[in-house]
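What follows is a short report on a single structure.
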Amino acid sequence: MAVELEKYKGQSSRYVCPKCGRSRCFTKYIDTETNQYIDNSVGICNHRNSCGYHLPPKAFFDMNPEKIRAEYKVDNFFDAHRVKEIIPIKSIPKEHILKLLGQDSKFLTFLKSKFPKDVVRKAIFDYFIGGFGDGKVVFNQIDSLGRIRSAKLMLYDEKTGKRFRNAENEYNENGTRNSFSPPVEWLHTSLKKDGLLDKDFKLTQCLFGEHLINKYPDKKIIVVESEKTAIVMSCIMPQYIFMATGGLGGLNSQRIYPIKDAEIMVYPDYGQYEYWKQKAYMINLELGSNIVVSHAYEDLARLQDLDMGSDIADYFLENIENLESKNKDIETQKENTKTKKEFAQTKS
Ligand SMILES: [Zn+2]
């Protein structure tokens with residue numbers, strides 16, 4: 001039986017918590033083979049500290065064995081040997097990304113403002129970072145067999161390094177406020193539109209950075225959520241390979257499968273620890289992998305009252321900034337002292 005927490009599809013996918021009664025904070029488990037909720041009580045509350053409600057499917061079925069679907073009764077609940085549909089993986093011809101490589105982007109401008117040239121250069125070569133149009137960065141998804149699955153084209157603010165957001169008072173066609181980041185553009189979508197790719201091309205995503213397992217076979221792998229976090233962290237901790245799921249739902253057995261035998265550690269964004277821990281638990285059961293989910297950032301973020309949804313790269317970038325401004329302060333102080341001395345000398 002395959003179960004997973006329902007992916008976030010807006011507020012309608014979050015429910016009233018059966019324990020604390022607060023609305024839009026309860027995520028239900030879904031039986032992914034029937035696409036049905038297991039039960040209205042089976043899920044997890046977002047308020048981990050003040051509520052802490054979590055009823056996983058296994059505990060529910062232990063209490064209500066009559067509710068297990070007949071076909072699962074004979075087998076082990078977490079049957080690792082179930083047959084999965086095999087989807088042929090399509091890839092994008094190299095020529096389409098070659099022309100994007102080496103192009104500048106606002107993301108690279110940001111990266112260059114934070115790290116030395118050679119460090120940025122290494123990141124560009126490692127991740128094949130490209131650029132497109134007016135400052136968009138191209139994050140290529142290349143698997144360990146060298147296949148280009150697709151690429152994301154994204155716009156970042158060159159100063160803050162945050163995703164570009166539409167102006168706050170801009171309204172979209174539905175009349176709702178448009179303060180979100182614009183949707184991610186995919187290379188395969190635009191190639192299809194231009195008639196450069198088969199109409200039946202279907203995207204099968206891989207971890208961003210999966211190809212690096214060949215380049216650095218001895219390094220431990222750290223999986224994070226966003227591509228930006230992976231790249232920034234690779235500049236800070238080059239002793240690890242950083243890979244990105246590209247989204248909260250991207251931590252799944254299909255994407256972990258190619259690296260399942262490696263030493264894998266997962267760094268969830270602040271607030272997603274429980275969710276990814278649950279996912280990692282299921283993946284480990286299914287693949288026999290040994291993913292360890294780090295609690296370090298969760299602790300740090302709680303302790304320092306950082307923003308929900310922030311991640312480890314945000315923390316390090318913040319501290320690079322603090323360090324820089326501290327250095328600046330010291331320099332300013334020195335200059336002030338110098339000026340004072342000079343001033344004193346002219347006076348006498
Ligand atoms: Zn609750």
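Ligands are numbered from 1 in the order shown, residues from 1 within each chain, and chains are lettered A, B, ... in the order they appear in the structure tokens.
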
**Item:** Site check for ligand 1: residues at most 12 Å away, only C-alpha atoms and all ligand atoms, as a ChimeraX atom specification
**Value:** /A:14-27,41,43-55

Would you write out those residues with N, CA and C atoms, as a compact mmCIF listing (two decimals), in the first residue's frame?
# COMPACT_ATOMS: atom_id res chain seq x y z
N ARG A 14 -6.04 21.74 2.86
CA ARG A 14 -5.74 21.66 4.29
C ARG A 14 -7.03 21.77 5.09
N TYR A 15 -7.12 21.00 6.19
CA TYR A 15 -8.41 20.82 6.87
C TYR A 15 -8.38 21.25 8.33
N VAL A 16 -9.54 21.16 8.95
CA VAL A 16 -9.66 21.44 10.39
C VAL A 16 -9.00 20.29 11.14
N CYS A 17 -8.14 20.63 12.09
CA CYS A 17 -7.46 19.59 12.86
C CYS A 17 -8.44 18.92 13.82
N PRO A 18 -8.48 17.57 13.82
CA PRO A 18 -9.41 16.88 14.71
C PRO A 18 -9.09 17.06 16.20
N LYS A 19 -7.85 17.50 16.51
CA LYS A 19 -7.51 17.66 17.92
C LYS A 19 -7.69 19.11 18.38
N CYS A 20 -6.97 20.04 17.72
CA CYS A 20 -7.00 21.42 18.22
C CYS A 20 -8.13 22.24 17.60
N GLY A 21 -8.75 21.73 16.53
CA GLY A 21 -9.90 22.40 15.95
C GLY A 21 -9.58 23.62 15.10
N ARG A 22 -8.29 23.92 14.92
CA ARG A 22 -7.96 25.08 14.10
C ARG A 22 -8.12 24.71 12.62
N SER A 23 -8.47 25.71 11.83
CA SER A 23 -8.75 25.41 10.42
C SER A 23 -7.48 25.49 9.59
N ARG A 24 -7.52 24.85 8.44
CA ARG A 24 -6.46 24.90 7.42
C ARG A 24 -5.07 24.53 7.93
N CYS A 25 -5.03 23.61 8.88
CA CYS A 25 -3.71 23.24 9.39
C CYS A 25 -3.50 21.74 9.36
N PHE A 26 -4.51 21.00 8.85
CA PHE A 26 -4.45 19.55 8.93
C PHE A 26 -4.23 18.93 7.55
N THR A 27 -3.14 18.16 7.44
CA THR A 27 -2.81 17.50 6.18
C THR A 27 -3.17 16.03 6.28
N SER A 41 -9.43 11.19 10.02
CA SER A 41 -8.62 11.38 11.22
C SER A 41 -7.14 11.10 10.97
N GLY A 43 -3.81 11.92 9.58
CA GLY A 43 -3.07 13.04 9.04
C GLY A 43 -2.22 13.69 10.12
N ILE A 44 -1.75 14.88 9.79
CA ILE A 44 -0.83 15.56 10.71
C ILE A 44 -1.19 17.04 10.82
N CYS A 45 -1.10 17.56 12.03
CA CYS A 45 -1.41 18.98 12.26
C CYS A 45 -0.13 19.82 12.11
N ASN A 46 -0.27 20.98 11.49
CA ASN A 46 0.88 21.88 11.28
C ASN A 46 1.43 22.43 12.60
N HIS A 47 0.56 22.52 13.58
CA HIS A 47 0.99 23.12 14.84
C HIS A 47 1.68 22.05 15.68
N ARG A 48 2.92 21.85 15.37
CA ARG A 48 3.64 20.74 15.98
C ARG A 48 3.83 20.93 17.48
N ASN A 49 4.05 22.15 17.89
CA ASN A 49 4.31 22.39 19.30
C ASN A 49 3.05 22.50 20.13
N SER A 50 2.13 23.35 19.67
CA SER A 50 0.94 23.60 20.48
C SER A 50 -0.08 22.49 20.37
N CYS A 51 -0.06 21.69 19.31
CA CYS A 51 -1.04 20.62 19.15
C CYS A 51 -0.34 19.26 19.06
N GLY A 52 0.44 19.09 18.02
CA GLY A 52 1.25 17.87 17.90
C GLY A 52 0.50 16.64 17.42
N TYR A 53 -0.76 16.83 16.94
CA TYR A 53 -1.52 15.68 16.49
C TYR A 53 -0.90 15.06 15.24
N HIS A 54 -0.70 13.74 15.28
CA HIS A 54 -0.23 13.01 14.11
C HIS A 54 -0.72 11.58 14.20
N LEU A 55 -1.62 11.22 13.30
CA LEU A 55 -2.07 9.83 13.25
C LEU A 55 -1.63 9.23 11.91

**All residues 10 Å or closer to segment 238-249 of chain A, only C-alpha atoms, same chain fewer than 4 positions away omitted, as an MDAnalysis selection string** = chainID A and resid 4:8 119 122:123 126:127 139 141 152 205:213 215:234 255:256 264:269 272 275:276 279

**Message:** Just the number, please: distance in Å from atom CA of Asp157 of chain A to atom CA of Leu108 of chain A, one decimal.
**Reply:**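 Here the two named atoms are 10.1 Å from each other.
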
**Message:** Between atom CA of Met282 of chain A and atom CA of Ala2 of chain A, what is the distance in Å, rounded to a tenth?
**Reply:** 8.8 Å

**Prompt:** Just asking: which residues within segment 14-115 of chain A are helix (DSSP H, G or I) according to DSSP, as a count of residues only?
**Reply:** 27

**Asked** Would you give me, as a list in words, the residues in segment 32-141 of chain A that DSSP reads as strand (DSSP E or B)?
**Response** Gln36, Tyr37, Gly43, Ile44, Cys45, His54, Leu101, Gly130, Gly131, Phe132, Lys136, Val137, Val138, Phe139, Asn140 and Gln141 of chain A

Atoms kept (N, CA and C atoms) for selection, written as a PDB file, in the first residue's frame:
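Result file is again-v9.pdb:
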ATOM      1  N   GLN A  36      -7.697   8.176  -2.600  1.00  0.00           N
ATOM      2  CA  GLN A  36      -8.692   8.509  -1.582  1.00  0.00           C
ATOM      3  C   GLN A  36      -7.985   8.800  -0.260  1.00  0.00           C
ATOM      4  N   TYR A  37      -8.638   9.630   0.542  1.00  0.00           N
ATOM      5  CA  TYR A  37      -8.127   9.806   1.893  1.00  0.00           C
ATOM      6  C   TYR A  37      -8.294   8.486   2.636  1.00  0.00           C
ATOM      7  N   GLY A  43      -3.808  11.916   9.581  1.00  0.00           N
ATOM      8  CA  GLY A  43      -3.066  13.042   9.043  1.00  0.00           C
ATOM      9  C   GLY A  43      -2.216  13.689  10.122  1.00  0.00           C
ATOM     10  N   ILE A  44      -1.746  14.881   9.788  1.00  0.00           N
ATOM     11  CA  ILE A  44      -0.832  15.557  10.710  1.00  0.00           C
ATOM     12  C   ILE A  44      -1.186  17.035  10.820  1.00  0.00           C
ATOM     13  N   CYS A  45      -1.099  17.565  12.033  1.00  0.00           N
ATOM     14  CA  CYS A  45      -1.409  18.983  12.264  1.00  0.00           C
ATOM     15  C   CYS A  45      -0.133  19.815  12.113  1.00  0.00           C
ATOM     16  N   HIS A  54      -0.698  13.742  15.282  1.00  0.00           N
ATOM     17  CA  HIS A  54      -0.228  13.010  14.110  1.00  0.00           C
ATOM     18  C   HIS A  54      -0.723  11.576  14.200  1.00  0.00           C
ATOM     19  N   LEU A 101      24.069  27.644 -21.753  1.00  0.00           N
ATOM     20  CA  LEU A 101      25.189  27.581 -20.803  1.00  0.00           C
ATOM     21  C   LEU A 101      26.088  28.810 -20.962  1.00  0.00           C
ATOM     22  N   GLY A 130      22.846  27.837 -16.396  1.00  0.00           N
ATOM     23  CA  GLY A 130      22.711  28.618 -17.615  1.00  0.00           C
ATOM     24  C   GLY A 130      21.906  29.873 -17.393  1.00  0.00           C
ATOM     25  N   GLY A 131      21.722  30.624 -18.480  1.00  0.00           N
ATOM     26  CA  GLY A 131      20.936  31.849 -18.393  1.00  0.00           C
ATOM     27  C   GLY A 131      20.046  31.971 -19.614  1.00  0.00           C
ATOM     28  N   PHE A 132      18.997  32.761 -19.464  1.00  0.00           N
ATOM     29  CA  PHE A 132      18.041  32.891 -20.564  1.00  0.00           C
ATOM     30  C   PHE A 132      17.349  34.250 -20.506  1.00  0.00           C
ATOM     31  N   LYS A 136      16.999  35.536 -16.525  1.00  0.00           N
ATOM     32  CA  LYS A 136      16.531  34.305 -15.879  1.00  0.00           C
ATOM     33  C   LYS A 136      17.691  33.314 -15.761  1.00  0.00           C
ATOM     34  N   VAL A 137      17.667  32.570 -14.673  1.00  0.00           N
ATOM     35  CA  VAL A 137      18.677  31.531 -14.504  1.00  0.00           C
ATOM     36  C   VAL A 137      18.080  30.215 -15.001  1.00  0.00           C
ATOM     37  N   VAL A 138      18.947  29.346 -15.525  1.00  0.00           N
ATOM     38  CA  VAL A 138      18.490  28.043 -16.019  1.00  0.00           C
ATOM     39  C   VAL A 138      19.065  26.955 -15.120  1.00  0.00           C
ATOM     40  N   PHE A 139      18.179  26.256 -14.425  1.00  0.00           N
ATOM     41  CA  PHE A 139      18.599  25.131 -13.581  1.00  0.00           C
ATOM     42  C   PHE A 139      18.318  23.826 -14.329  1.00  0.00           C
ATOM     43  N   ASN A 140      19.366  23.201 -14.826  1.00  0.00           N
ATOM     44  CA  ASN A 140      19.203  21.967 -15.600  1.00  0.00           C
ATOM     45  C   ASN A 140      19.051  20.759 -14.697  1.00  0.00           C
ATOM     46  N   GLN A 141      18.083  19.939 -15.023  1.00  0.00           N
ATOM     47  CA  GLN A 141      17.929  18.664 -14.304  1.00  0.00           C
ATOM     48  C   GLN A 141      18.586  17.582 -15.148  1.00  0.00           C
TER      49      GLN A 141
END

**Request:** Excluding Lys90 of chain A and residues on its chain fewer than 2 positions from it, collect all residues at most 10 Å away from it, counting only C-alpha atoms, and give them as a PyMOL selection string.
**Result:** chain A and resi 87-88+92-93+147-150+198+200-205

**Message:** What does the structure give for the distance between atom CA of Glu274 of chain A and atom CA of Leu153 of chain A, in Å to one decimal?
**Reply:**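 Computing it gives 29.7 Å between the two atoms.
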
**Asked** Which polymer residues have any atom within 9 Å of an atom of Asp39 of chain A, counting only C-alpha atoms, with same-chain residues fewer than 3 positions away left out, as a list in words?
**Response** Lys28, Tyr29, Ile30, Gln36, Val42, Gly43, Pro57 and Phe60 of chain A

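Between Val3 of chain A and the candidates A:Tyr281, A:Phe110, A:Tyr297, A:Tyr315, the tightest atom-to-atom separation, counting only C-alpha atoms, involves A:Tyr281.
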